[in-house]
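With mmCIF, C-alpha atoms and all ligand atoms inside, this is query.cif:
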data_protein
loop_
_atom_site.group_PDB
_atom_site.id
_atom_site.type_symbol
_atom_site.label_atom_id
_atom_site.label_comp_id
_atom_site.auth_asym_id
_atom_site.auth_seq_id
_atom_site.Cartn_x
_atom_site.Cartn_y
_atom_site.Cartn_z
ATOM 1 C CA SER A 28 -80.636 137.449 29.228
ATOM 2 C CA VAL A 29 -83.964 137.552 31.008
ATOM 3 C CA SER A 30 -84.798 141.099 29.977
ATOM 4 C CA ASP A 31 -84.285 140.088 26.356
ATOM 5 C CA TYR A 32 -87.605 138.282 26.364
ATOM 6 C CA ASP A 33 -90.216 140.384 24.649
ATOM 7 C CA ILE A 34 -93.100 139.455 26.887
ATOM 8 C CA ASN A 35 -95.625 141.314 24.733
ATOM 9 C CA GLN A 36 -94.535 139.371 21.676
ATOM 10 C CA LEU A 37 -94.659 136.039 23.539
ATOM 11 C CA PHE A 38 -98.157 137.012 24.615
ATOM 12 C CA ALA A 39 -99.267 138.059 21.172
ATOM 13 C CA ASP A 40 -98.171 134.677 19.847
ATOM 14 C CA GLU A 41 -99.649 132.862 22.865
ATOM 15 C CA GLN A 42 -96.320 131.161 23.498
ATOM 16 C CA VAL A 43 -97.761 129.538 26.614
ATOM 17 C CA LEU A 44 -97.686 125.822 27.378
ATOM 18 C CA LEU A 45 -99.474 124.019 30.161
ATOM 19 C CA CYS A 46 -97.807 121.318 32.210
ATOM 20 C CA PHE A 47 -99.733 119.167 34.665
ATOM 21 C CA GLN A 48 -98.498 117.577 37.893
ATOM 22 C CA PRO A 49 -100.553 114.719 39.365
ATOM 23 C CA GLN A 50 -102.157 114.888 42.805
ATOM 24 C CA ILE A 51 -102.668 111.426 44.289
ATOM 25 C CA ASP A 52 -105.117 110.178 46.915
ATOM 26 C CA MET A 53 -102.906 108.673 49.611
ATOM 27 C CA LYS A 54 -105.433 106.029 50.741
ATOM 28 C CA SER A 55 -106.378 104.587 47.343
ATOM 29 C CA ASN A 56 -103.412 105.717 45.239
ATOM 30 C CA ALA A 57 -105.968 106.994 42.713
ATOM 31 C CA ILE A 58 -105.305 110.137 40.716
ATOM 32 C CA ILE A 59 -107.419 112.987 42.125
ATOM 33 C CA GLY A 60 -106.385 115.757 39.809
ATOM 34 C CA PHE A 61 -103.572 117.820 38.340
ATOM 35 C CA GLU A 62 -101.991 121.148 39.215
ATOM 36 C CA VAL A 63 -101.549 123.301 36.128
ATOM 37 C CA LEU A 64 -98.024 124.722 35.907
ATOM 38 C CA ALA A 65 -97.382 127.183 33.104
ATOM 39 C CA ARG A 66 -94.347 127.521 30.874
ATOM 40 C CA MET A 67 -93.634 129.978 28.093
ATOM 41 C CA TYR A 68 -91.321 129.138 25.225
ATOM 42 C CA ASP A 69 -89.343 130.656 22.420
ATOM 43 C CA GLU A 70 -86.982 129.246 19.824
ATOM 44 C CA ASN A 71 -84.489 128.365 22.587
ATOM 45 C CA GLY A 72 -86.945 126.256 24.594
ATOM 46 C CA TYR A 73 -88.849 126.569 27.868
ATOM 47 C CA ILE A 74 -88.983 129.771 29.867
ATOM 48 C CA TYR A 75 -89.933 129.048 33.493
ATOM 49 C CA PRO A 76 -92.347 130.951 35.755
ATOM 50 C CA ASP A 77 -89.575 132.321 37.959
ATOM 51 C CA THR A 78 -88.351 134.141 34.848
ATOM 52 C CA PHE A 79 -91.557 135.141 33.093
ATOM 53 C CA LEU A 80 -93.933 135.866 35.987
ATOM 54 C CA PRO A 81 -91.996 138.997 37.051
ATOM 55 C CA LEU A 82 -91.991 140.191 33.417
ATOM 56 C CA ILE A 83 -95.729 139.626 33.132
ATOM 57 C CA ASP A 84 -96.225 141.498 36.366
ATOM 58 C CA LYS A 85 -94.087 144.409 35.192
ATOM 59 C CA ALA A 86 -96.028 144.564 31.913
ATOM 60 C CA GLY A 87 -99.328 144.652 33.831
ATOM 61 C CA LEU A 88 -100.475 141.423 32.179
ATOM 62 C CA ASN A 89 -101.223 139.287 35.254
ATOM 63 C CA VAL A 90 -104.941 138.995 34.684
ATOM 64 C CA ASP A 91 -104.548 138.430 30.936
ATOM 65 C CA PHE A 92 -102.098 135.644 31.709
ATOM 66 C CA THR A 93 -104.483 133.906 34.114
ATOM 67 C CA LYS A 94 -107.228 134.161 31.471
ATOM 68 C CA ILE A 95 -104.993 132.399 28.947
ATOM 69 C CA ILE A 96 -104.287 129.620 31.471
ATOM 70 C CA ILE A 97 -107.992 129.200 32.300
ATOM 71 C CA ALA A 98 -109.000 129.116 28.631
ATOM 72 C CA LYS A 99 -106.266 126.657 27.626
ATOM 73 C CA ALA A 100 -106.858 124.364 30.605
ATOM 74 C CA PHE A 101 -110.629 124.157 30.028
ATOM 75 C CA LYS A 102 -110.181 123.630 26.311
ATOM 76 C CA PHE A 103 -107.736 120.789 26.924
ATOM 77 C CA TRP A 104 -109.872 119.130 29.630
ATOM 78 C CA ALA A 105 -113.026 119.379 27.503
ATOM 79 C CA HIS A 106 -111.175 117.788 24.598
ATOM 80 C CA GLU A 107 -109.452 114.923 26.478
ATOM 81 C CA LYS A 108 -112.404 112.892 27.715
ATOM 82 C CA MET A 109 -110.277 110.468 29.749
ATOM 83 C CA LEU A 110 -109.011 113.365 31.885
ATOM 84 C CA SER A 111 -112.355 115.012 32.534
ATOM 85 C CA SER A 112 -113.027 113.267 35.849
ATOM 86 C CA TYR A 113 -109.830 114.708 37.358
ATOM 87 C CA THR A 114 -109.774 118.040 39.174
ATOM 88 C CA LEU A 115 -107.963 120.921 37.502
ATOM 89 C CA SER A 116 -106.015 122.961 40.080
ATOM 90 C CA ILE A 117 -105.026 126.366 38.786
ATOM 91 C CA ASN A 118 -102.743 128.878 40.510
ATOM 92 C CA VAL A 119 -104.139 132.342 41.151
ATOM 93 C CA THR A 120 -102.992 135.358 43.122
ATOM 94 C CA ALA A 121 -104.944 137.651 45.441
ATOM 95 C CA GLU A 122 -104.632 140.290 42.730
ATOM 96 C CA ASP A 123 -106.425 137.922 40.340
ATOM 97 C CA LEU A 124 -109.218 137.473 42.847
ATOM 98 C CA SER A 125 -109.742 141.218 43.201
ATOM 99 C CA CYS A 126 -110.561 141.479 39.486
ATOM 100 C CA ASP A 127 -114.316 141.035 38.949
ATOM 101 C CA ASN A 128 -113.873 140.686 35.233
ATOM 102 C CA LEU A 129 -111.557 137.693 35.711
ATOM 103 C CA ILE A 130 -113.935 136.081 38.201
ATOM 104 C CA ASP A 131 -116.750 136.458 35.628
ATOM 105 C CA TYR A 132 -114.453 134.837 33.068
ATOM 106 C CA ILE A 133 -113.648 131.872 35.339
ATOM 107 C CA ILE A 134 -117.286 131.348 36.318
ATOM 108 C CA ARG A 135 -118.360 131.482 32.664
ATOM 109 C CA HIS A 136 -115.905 128.691 31.852
ATOM 110 C CA LYS A 137 -117.021 126.627 34.811
ATOM 111 C CA GLN A 138 -120.706 127.052 33.906
ATOM 112 C CA ALA A 139 -120.054 126.079 30.299
ATOM 113 C CA HIS A 140 -118.324 122.888 31.523
ATOM 114 C CA ALA A 141 -120.233 121.976 34.674
ATOM 115 C CA ASP A 142 -118.701 118.487 34.679
ATOM 116 C CA ILE A 143 -115.138 119.828 35.002
ATOM 117 C CA LYS A 144 -113.961 120.055 38.614
ATOM 118 C CA LEU A 145 -111.974 123.202 39.282
ATOM 119 C CA THR A 146 -109.892 124.263 42.268
ATOM 120 C CA LEU A 147 -108.044 127.575 42.541
ATOM 121 C CA GLU A 148 -104.766 127.497 44.456
ATOM 122 C CA LEU A 149 -104.350 130.848 46.159
ATOM 123 C CA THR A 150 -100.683 131.678 46.640
ATOM 124 C CA GLU A 151 -99.499 133.488 49.725
ATOM 125 C CA SER A 152 -98.649 137.039 48.892
ATOM 126 C CA GLN A 153 -98.028 140.426 50.344
ATOM 127 C CA ALA A 154 -101.311 141.615 48.886
ATOM 128 C CA ILE A 155 -104.118 142.405 51.271
ATOM 129 C CA ILE A 156 -106.106 139.240 51.395
ATOM 130 C CA ASN A 157 -109.071 140.364 53.400
ATOM 131 C CA GLN A 158 -110.087 143.060 50.969
ATOM 132 C CA ALA A 159 -113.835 142.999 50.530
ATOM 133 C CA SER A 160 -113.395 142.440 46.786
ATOM 134 C CA VAL A 161 -111.288 139.305 47.293
ATOM 135 C CA LEU A 162 -113.689 137.835 49.837
ATOM 136 C CA ASN A 163 -116.638 138.667 47.611
ATOM 137 C CA SER A 164 -114.948 136.910 44.665
ATOM 138 C CA ILE A 165 -114.267 133.822 46.759
ATOM 139 C CA ALA A 166 -117.921 133.684 47.796
ATOM 140 C CA ARG A 167 -118.950 133.809 44.125
ATOM 141 C CA LEU A 168 -116.480 131.063 43.224
ATOM 142 C CA ILE A 169 -117.709 128.800 46.017
ATOM 143 C CA ILE A 170 -121.345 129.253 44.972
ATOM 144 C CA ASN A 171 -120.252 128.068 41.541
ATOM 145 C CA ASP A 172 -118.757 124.884 42.966
ATOM 146 C CA ILE A 173 -115.156 125.997 42.552
ATOM 147 C CA GLY A 174 -112.731 124.801 45.243
ATOM 148 C CA ILE A 175 -110.338 127.125 47.079
ATOM 149 C CA SER A 176 -106.945 125.837 48.196
ATOM 150 C CA LEU A 177 -104.540 127.752 50.435
ATOM 151 C CA ASP A 178 -101.256 127.208 48.590
ATOM 152 C CA ASP A 179 -97.753 127.391 50.087
ATOM 153 C CA PHE A 180 -99.278 127.033 53.533
ATOM 154 C CA GLY A 181 -96.927 128.061 56.314
ATOM 155 C CA LYS A 182 -94.538 130.003 54.126
ATOM 156 C CA SER A 183 -95.385 133.599 54.958
ATOM 157 C CA TYR A 184 -96.408 135.787 57.833
ATOM 158 C CA SER A 185 -99.984 135.976 56.570
ATOM 159 C CA THR A 186 -100.633 132.232 56.865
ATOM 160 C CA TYR A 187 -102.893 132.445 59.899
ATOM 161 C CA GLU A 188 -104.559 135.603 58.703
ATOM 162 C CA ARG A 189 -105.595 133.773 55.538
ATOM 163 C CA LEU A 190 -106.751 130.823 57.566
ATOM 164 C CA ASP A 191 -108.953 133.109 59.602
ATOM 165 C CA THR A 192 -110.537 135.204 56.855
ATOM 166 C CA ILE A 193 -110.759 133.061 53.724
ATOM 167 C CA PRO A 194 -113.267 130.253 53.275
ATOM 168 C CA PHE A 195 -111.377 127.331 51.754
ATOM 169 C CA ASN A 196 -111.689 123.588 51.444
ATOM 170 C CA GLU A 197 -108.046 122.589 51.060
ATOM 171 C CA ILE A 198 -104.650 123.392 52.543
ATOM 172 C CA LYS A 199 -101.439 122.778 50.585
ATOM 173 C CA ILE A 200 -98.422 122.471 52.834
ATOM 174 C CA ASP A 201 -95.455 124.270 51.339
ATOM 175 C CA ARG A 202 -92.827 121.989 49.910
ATOM 176 C CA SER A 203 -90.022 123.637 51.873
ATOM 177 C CA PHE A 204 -91.487 121.925 54.973
ATOM 178 C CA VAL A 205 -92.492 118.658 53.327
ATOM 179 C CA CYS A 206 -89.268 117.806 51.504
ATOM 180 C CA ASP A 207 -87.217 116.811 54.559
ATOM 181 C CA ILE A 208 -89.688 115.725 57.277
ATOM 182 C CA ASP A 209 -87.725 112.482 57.565
ATOM 183 C CA THR A 210 -84.620 114.317 58.785
ATOM 184 C CA ASN A 211 -85.791 117.724 60.050
ATOM 185 C CA GLU A 212 -87.626 117.564 63.395
ATOM 186 C CA GLN A 213 -88.898 121.133 63.143
ATOM 187 C CA HIS A 214 -90.424 120.505 59.739
ATOM 188 C CA HIS A 215 -91.902 117.224 60.919
ATOM 189 C CA LEU A 216 -93.597 119.098 63.760
ATOM 190 C CA ILE A 217 -94.957 121.804 61.454
ATOM 191 C CA VAL A 218 -96.332 119.288 58.967
ATOM 192 C CA GLU A 219 -97.827 117.136 61.725
ATOM 193 C CA SER A 220 -99.631 120.128 63.287
ATOM 194 C CA THR A 221 -100.824 121.396 59.928
ATOM 195 C CA ILE A 222 -102.366 118.029 59.079
ATOM 196 C CA ALA A 223 -104.019 117.906 62.515
ATOM 197 C CA LEU A 224 -105.330 121.453 62.008
ATOM 198 C CA ALA A 225 -106.759 120.548 58.591
ATOM 199 C CA LYS A 226 -108.528 117.523 60.105
ATOM 200 C CA LYS A 227 -110.060 119.664 62.849
ATOM 201 C CA MET A 228 -111.245 122.151 60.228
ATOM 202 C CA SER A 229 -112.579 119.310 58.034
ATOM 203 C CA VAL A 230 -110.630 120.424 54.997
ATOM 204 C CA SER A 231 -108.397 118.212 52.916
ATOM 205 C CA VAL A 232 -104.653 118.572 53.075
ATOM 206 C CA VAL A 233 -102.158 118.249 50.218
ATOM 207 C CA ALA A 234 -98.428 117.744 50.714
ATOM 208 C CA GLU A 235 -96.385 119.055 47.774
ATOM 209 C CA GLY A 236 -92.739 118.440 47.013
ATOM 210 C CA ILE A 237 -92.659 114.728 47.902
ATOM 211 C CA GLU A 238 -89.469 113.301 46.452
ATOM 212 C CA THR A 239 -88.843 110.120 48.471
ATOM 213 C CA GLU A 240 -90.659 107.034 49.778
ATOM 214 C CA SER A 241 -89.384 107.876 53.232
ATOM 215 C CA VAL A 242 -91.203 111.244 53.227
ATOM 216 C CA LEU A 243 -94.311 109.664 51.716
ATOM 217 C CA ASN A 244 -94.468 106.987 54.442
ATOM 218 C CA ILE A 245 -94.323 109.577 57.209
ATOM 219 C CA LEU A 246 -97.090 111.603 55.542
ATOM 220 C CA ALA A 247 -99.225 108.441 55.375
ATOM 221 C CA GLU A 248 -98.690 107.857 59.116
ATOM 222 C CA LEU A 249 -99.666 111.459 59.819
ATOM 223 C CA GLY A 250 -102.903 111.017 57.835
ATOM 224 C CA CYS A 251 -102.177 113.365 54.947
ATOM 225 C CA ASP A 252 -104.904 113.139 52.271
ATOM 226 C CA ILE A 253 -103.238 114.031 48.978
ATOM 227 C CA ALA A 254 -99.679 113.667 47.688
ATOM 228 C CA GLN A 255 -97.855 115.624 44.977
ATOM 229 C CA GLY A 256 -94.214 115.659 43.958
ATOM 230 C CA TYR A 257 -91.405 114.322 41.815
ATOM 231 C CA LEU A 258 -91.809 110.879 43.455
ATOM 232 C CA TYR A 259 -94.952 110.480 41.327
ATOM 233 C CA SER A 260 -94.018 112.752 38.468
ATOM 234 C CA PRO A 261 -92.605 116.131 37.549
ATOM 235 C CA PRO A 262 -95.031 118.450 35.727
ATOM 236 C CA ILE A 263 -96.013 116.763 32.434
ATOM 237 C CA GLU A 264 -96.572 118.549 29.149
ATOM 238 C CA GLY A 265 -100.165 118.281 27.934
ATOM 239 C CA ARG A 266 -99.326 116.248 24.854
ATOM 240 C CA TYR A 267 -97.844 113.461 27.036
ATOM 241 C CA LEU A 268 -100.511 113.480 29.747
ATOM 242 C CA THR A 269 -102.931 110.766 28.609
ATOM 243 C CA ALA A 270 -99.961 108.433 28.043
ATOM 244 C CA TRP A 271 -98.776 109.105 31.602
ATOM 245 C CA VAL A 272 -102.269 108.444 33.000
ATOM 246 C CA ASN A 273 -102.555 105.189 31.029
ATOM 247 C CA ARG A 274 -99.225 104.002 32.390
ATOM 248 C CA TYR A 275 -100.169 104.984 35.963
ATOM 249 C CA LEU A 276 -103.604 103.299 35.927
HETATM 250 O O1 LIG A 301 -92.810 124.333 38.144
HETATM 251 P P1 LIG A 301 -92.757 125.601 38.623
HETATM 252 O O2 LIG A 301 -91.458 126.197 38.143
HETATM 253 O O3 LIG A 301 -93.814 125.685 37.508
HETATM 254 O O4 LIG A 301 -93.535 126.835 39.211
HETATM 255 C C1 LIG A 301 -92.869 127.894 39.850
HETATM 256 C C2 LIG A 301 -93.833 128.863 40.467
HETATM 257 O O5 LIG A 301 -94.638 129.461 39.466
HETATM 258 C C3 LIG A 301 -94.788 128.200 41.460
HETATM 259 O O6 LIG A 301 -94.827 129.007 42.605
HETATM 260 C C4 LIG A 301 -96.102 128.245 40.769
HETATM 261 O O7 LIG A 301 -97.150 128.421 41.695
HETATM 262 C C5 LIG A 301 -95.976 129.438 39.840
HETATM 263 N N1 LIG A 301 -96.844 129.205 38.688
HETATM 264 C C6 LIG A 301 -96.748 128.222 37.778
HETATM 265 N N2 LIG A 301 -97.751 128.302 36.874
HETATM 266 C C7 LIG A 301 -98.499 129.385 37.245
HETATM 267 C C8 LIG A 301 -99.692 129.983 36.739
HETATM 268 O O8 LIG A 301 -100.298 129.536 35.778
HETATM 269 N N3 LIG A 301 -100.154 131.090 37.392
HETATM 270 C C9 LIG A 301 -99.529 131.596 38.484
HETATM 271 N N4 LIG A 301 -100.058 132.692 39.053
HETATM 272 N N5 LIG A 301 -98.420 131.064 39.011
HETATM 273 C C10 LIG A 301 -97.918 129.962 38.401
HETATM 274 O O1 LIG A 302 -96.767 125.563 45.110
HETATM 275 P P1 LIG A 302 -96.143 126.131 43.861
HETATM 276 O O2 LIG A 302 -97.246 126.351 42.935
HETATM 277 O O3 LIG A 302 -95.285 127.194 44.349
HETATM 278 O O4 LIG A 302 -95.281 124.838 43.527
HETATM 279 C C1 LIG A 302 -95.031 124.404 42.287
HETATM 280 C C2 LIG A 302 -93.527 124.342 42.102
HETATM 281 O O5 LIG A 302 -92.938 123.203 42.770
HETATM 282 C C3 LIG A 302 -93.190 124.172 40.661
HETATM 283 O O6 LIG A 302 -92.008 124.858 40.437
HETATM 284 C C4 LIG A 302 -92.972 122.672 40.545
HETATM 285 O O7 LIG A 302 -92.231 122.322 39.404
HETATM 286 C C5 LIG A 302 -92.222 122.408 41.839
HETATM 287 N N1 LIG A 302 -92.256 121.029 42.303
HETATM 288 C C6 LIG A 302 -93.242 120.121 42.173
HETATM 289 N N2 LIG A 302 -92.915 118.949 42.766
HETATM 290 C C7 LIG A 302 -91.694 119.117 43.286
HETATM 291 C C8 LIG A 302 -90.816 118.254 44.034
HETATM 292 O O8 LIG A 302 -91.096 117.109 44.354
HETATM 293 N N3 LIG A 302 -89.616 118.788 44.414
HETATM 294 C C9 LIG A 302 -89.258 120.064 44.097
HETATM 295 N N4 LIG A 302 -88.070 120.481 44.511
HETATM 296 N N5 LIG A 302 -90.060 120.896 43.413
HETATM 297 C C10 LIG A 302 -91.267 120.432 43.012
HETATM 298 NA NA NA A 303 -99.542 125.970 43.402
HETATM 299 MN MN MN A 304 -97.364 125.650 46.636
#

Starting from the file, give its structure as structure tokens.
Ligand code: G
Ligand code: G
Ligand code: NA
Ligand code: MN
Amino acid sequence: SVSDYDINQLFADEQVLLCFQPQIDMKSNAIIGFEVLARMYDENGYIYPDTFLPLIDKAGLNVDFTKIIIAKAFKFWAHEKMLSSYTLSINVTAEDLSCDNLIDYIIRHKQAHADIKLTLELTESQAIINQASVLNSIARLIINDIGISLDDFGKSYSTYERLDTIPFNEIKIDRSFVCDIDTNEQHHLIVESTIALAKKMSVSVVAEGIETESVLNILAELGCDIAQGYLYSPPIEGRYLTAWVNRYL
């Protein structure tokens, strides 16, 4: 069962794998970058974030986990030269952003690899997002040429509060709205207004969770900038990524 996982042991052995899901420019069909999606593993196979993230949280290891992801992602990108022009998009929480030590760690990696483009996807959360420490961290990240994306846009009550207080250069529309815009009028309306809002704010807009051509075509009509979803690819394990890119190109 879930509680059988010894999260401390998995951590000690760094049983963490990175998967990468492509983000595609809708005008040119070029690859823009990849979202990093973490998995842990043991002798029985993959353990998914829905299972291990709560355990990490309970063990107080959130920041340590994000550090592992940052270190592994930079190491991989620095090593695979053919990937280095693509943006790395890494998921972070508001709690992560309130930790100065983690921000130092991220900025150090970015400065050591100035050519690597980095975006942080900030997930909606209950946490207080307009804390001075979070806003101060975001300012430091931006000065260091790190992008900020509002992830899961539209999903929670704090959506417009985030929009109002956080400087960002990208909005990611939550996949629960995107997945059925071809059949759900309400969702179509939400996605259409979000894209219009992003245009007015001069930020780019990503639609995640695209599974069908029909959804993709509507997003193209609405002027969405960047596409992500199973239609292009599920998250890809690092060791298969250059092969995927070569096939796509
Ligand atoms: O493919 P998927 O099952 O990976 O992801 C499920 C959830 O876990 C998503 O909401 C995703 O944002 C989150 N997630 C995946 N990888 C990471 C990570 O490295 N850090 C954080 N904070 N969340 C992650
Ligand atoms: O935004 P977040 O970081 O919460 O989203 C990442 C999650 O969405 C991961 O669990 C990833 O595997 C999943 N995902 C990515 N593309 C698709 C898709 O096209 N359809 C569905 N259902 N899930 C997707
Ligand atoms: Na994300
Ligand atoms: Mn999301």

- Name every residue that the PyMOL selection byres (((chain A and resi 187) around 12) and not hetatm) selects in this structure, writing the answer as a PyMOL selection string with chains first and numbers rising. chain A and resi 151+156-157+177+180-186+188-193+198+221+224

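When you apply the PyMOL selection byres (((chain A and resi 235) around 8) and not hetatm) to this structure, what comes back is Lys199, Ile200, Asp201, Arg202, Val205, Val233, Ala234, Gly236, Ile237, Ala254, Gln255 and Gly256 of chain A.
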
Expand the PyMOL selection byres (((chain A and resi 42-47) around 6) and not hetatm) into the explicit residue set it covers here, and present it as a PDB file with C-alpha atoms, in the coordinates of the input.
ATOM      1  CA  LEU A  37     -94.659 136.039  23.539  1.00  0.00           C
ATOM      2  CA  ASP A  40     -98.171 134.677  19.847  1.00  0.00           C
ATOM      3  CA  GLU A  41     -99.649 132.862  22.865  1.00  0.00           C
ATOM      4  CA  GLN A  48     -98.498 117.577  37.893  1.00  0.00           C
ATOM      5  CA  PHE A  61    -103.572 117.820  38.340  1.00  0.00           C
ATOM      6  CA  GLU A  62    -101.991 121.148  39.215  1.00  0.00           C
ATOM      7  CA  VAL A  63    -101.549 123.301  36.128  1.00  0.00           C
ATOM      8  CA  LEU A  64     -98.024 124.722  35.907  1.00  0.00           C
ATOM      9  CA  ALA A  65     -97.382 127.183  33.104  1.00  0.00           C
ATOM     10  CA  ARG A  66     -94.347 127.521  30.874  1.00  0.00           C
ATOM     11  CA  MET A  67     -93.634 129.978  28.093  1.00  0.00           C
ATOM     12  CA  TYR A  68     -91.321 129.138  25.225  1.00  0.00           C
ATOM     13  CA  PRO A 262     -95.031 118.450  35.727  1.00  0.00           C
ATOM     14  CA  ILE A 263     -96.013 116.763  32.434  1.00  0.00           C
ATOM     15  CA  GLU A 264     -96.572 118.549  29.149  1.00  0.00           C
ATOM     16  CA  GLY A 265    -100.165 118.281  27.934  1.00  0.00           C
TER      17      GLY A 265
END

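Considering only C-alpha atoms and all ligand atoms, the residue among A:Leu149, A:Asp33, A:Ile134, A:His214 positioned nearest to ligand LIG 301 (chain A) is A:Leu149.
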
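Here atom CA of A:Ser125 is placed at a distance of 13.6 Å from atom N4 of ligand LIG 301 (chain A).
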
- Message: Would you pick out the contacts of A:Asp52 at 10 Å or less, using only C-alpha atoms, so that residues sharing its chain but fewer than 2 positions from it are not included, and give the list as a ChimeraX atom specification?
- Response: /A:49-50,54-60,233,251-255

- Query: How far is it from atom CA of A:Val90 to atom CA of A:Leu168, in Å with one decimal?
  - Reply: 16.4 Å

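With all atoms listed in the file as the atoms that count, the residue of A:Leu249, A:Ile169, A:Val119, A:Val242 with the shortest distance to ligand MN 304 (chain A) is A:Val119.
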
Can I get stretch 120-141 of chain A with N, CA and C atoms filled in, as a short mmCIF file (atom, residue, chain, number, x, y, z; two decimals), keeping the file's coordinate frame?
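Here's the written file rebuild_20.cif:
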data_model
loop_
_atom_site.label_atom_id
_atom_site.label_comp_id
_atom_site.auth_asym_id
_atom_site.auth_seq_id
_atom_site.Cartn_x
_atom_site.Cartn_y
_atom_site.Cartn_z
N THR A 120 -103.49 134.46 42.08
CA THR A 120 -102.99 135.36 43.12
C THR A 120 -104.17 136.14 43.72
N ALA A 121 -103.92 136.80 44.84
CA ALA A 121 -104.94 137.65 45.44
C ALA A 121 -105.33 138.78 44.48
N GLU A 122 -104.34 139.24 43.72
CA GLU A 122 -104.63 140.29 42.73
C GLU A 122 -105.65 139.78 41.70
N ASP A 123 -105.45 138.53 41.25
CA ASP A 123 -106.42 137.92 40.34
C ASP A 123 -107.83 137.97 40.94
N LEU A 124 -107.90 137.60 42.21
CA LEU A 124 -109.22 137.47 42.85
C LEU A 124 -109.87 138.82 43.10
N SER A 125 -109.11 139.91 43.01
CA SER A 125 -109.74 141.22 43.20
C SER A 125 -110.25 141.78 41.87
N CYS A 126 -110.11 141.01 40.80
CA CYS A 126 -110.56 141.48 39.49
C CYS A 126 -111.89 140.82 39.11
N ASP A 127 -112.97 141.57 39.20
CA ASP A 127 -114.32 141.04 38.95
C ASP A 127 -114.44 140.43 37.56
N ASN A 128 -113.81 141.11 36.62
CA ASN A 128 -113.87 140.69 35.23
C ASN A 128 -113.26 139.29 35.05
N LEU A 129 -112.18 139.02 35.77
CA LEU A 129 -111.56 137.69 35.71
C LEU A 129 -112.44 136.64 36.39
N ILE A 130 -113.04 137.02 37.50
CA ILE A 130 -113.94 136.08 38.20
C ILE A 130 -115.11 135.71 37.29
N ASP A 131 -115.68 136.73 36.61
CA ASP A 131 -116.75 136.46 35.63
C ASP A 131 -116.26 135.45 34.59
N TYR A 132 -115.05 135.68 34.11
CA TYR A 132 -114.45 134.84 33.07
C TYR A 132 -114.31 133.39 33.55
N ILE A 133 -113.83 133.22 34.77
CA ILE A 133 -113.65 131.87 35.34
C ILE A 133 -115.01 131.19 35.51
N ILE A 134 -115.96 131.92 36.06
CA ILE A 134 -117.29 131.35 36.32
C ILE A 134 -117.97 130.97 35.01
N ARG A 135 -117.80 131.81 33.98
CA ARG A 135 -118.36 131.48 32.66
C ARG A 135 -117.81 130.16 32.15
N HIS A 136 -116.50 129.96 32.30
CA HIS A 136 -115.90 128.69 31.85
C HIS A 136 -116.43 127.52 32.65
N LYS A 137 -116.53 127.71 33.95
CA LYS A 137 -117.02 126.63 34.81
C LYS A 137 -118.48 126.28 34.47
N GLN A 138 -119.29 127.31 34.23
CA GLN A 138 -120.71 127.05 33.91
C GLN A 138 -120.87 126.37 32.55
N ALA A 139 -119.99 126.70 31.63
CA ALA A 139 -120.05 126.08 30.30
C ALA A 139 -119.58 124.63 30.33
N HIS A 140 -118.84 124.27 31.39
CA HIS A 140 -118.32 122.89 31.52
C HIS A 140 -118.59 122.42 32.95
N ALA A 141 -119.85 122.26 33.28
CA ALA A 141 -120.23 121.98 34.67
C ALA A 141 -119.60 120.69 35.18
#
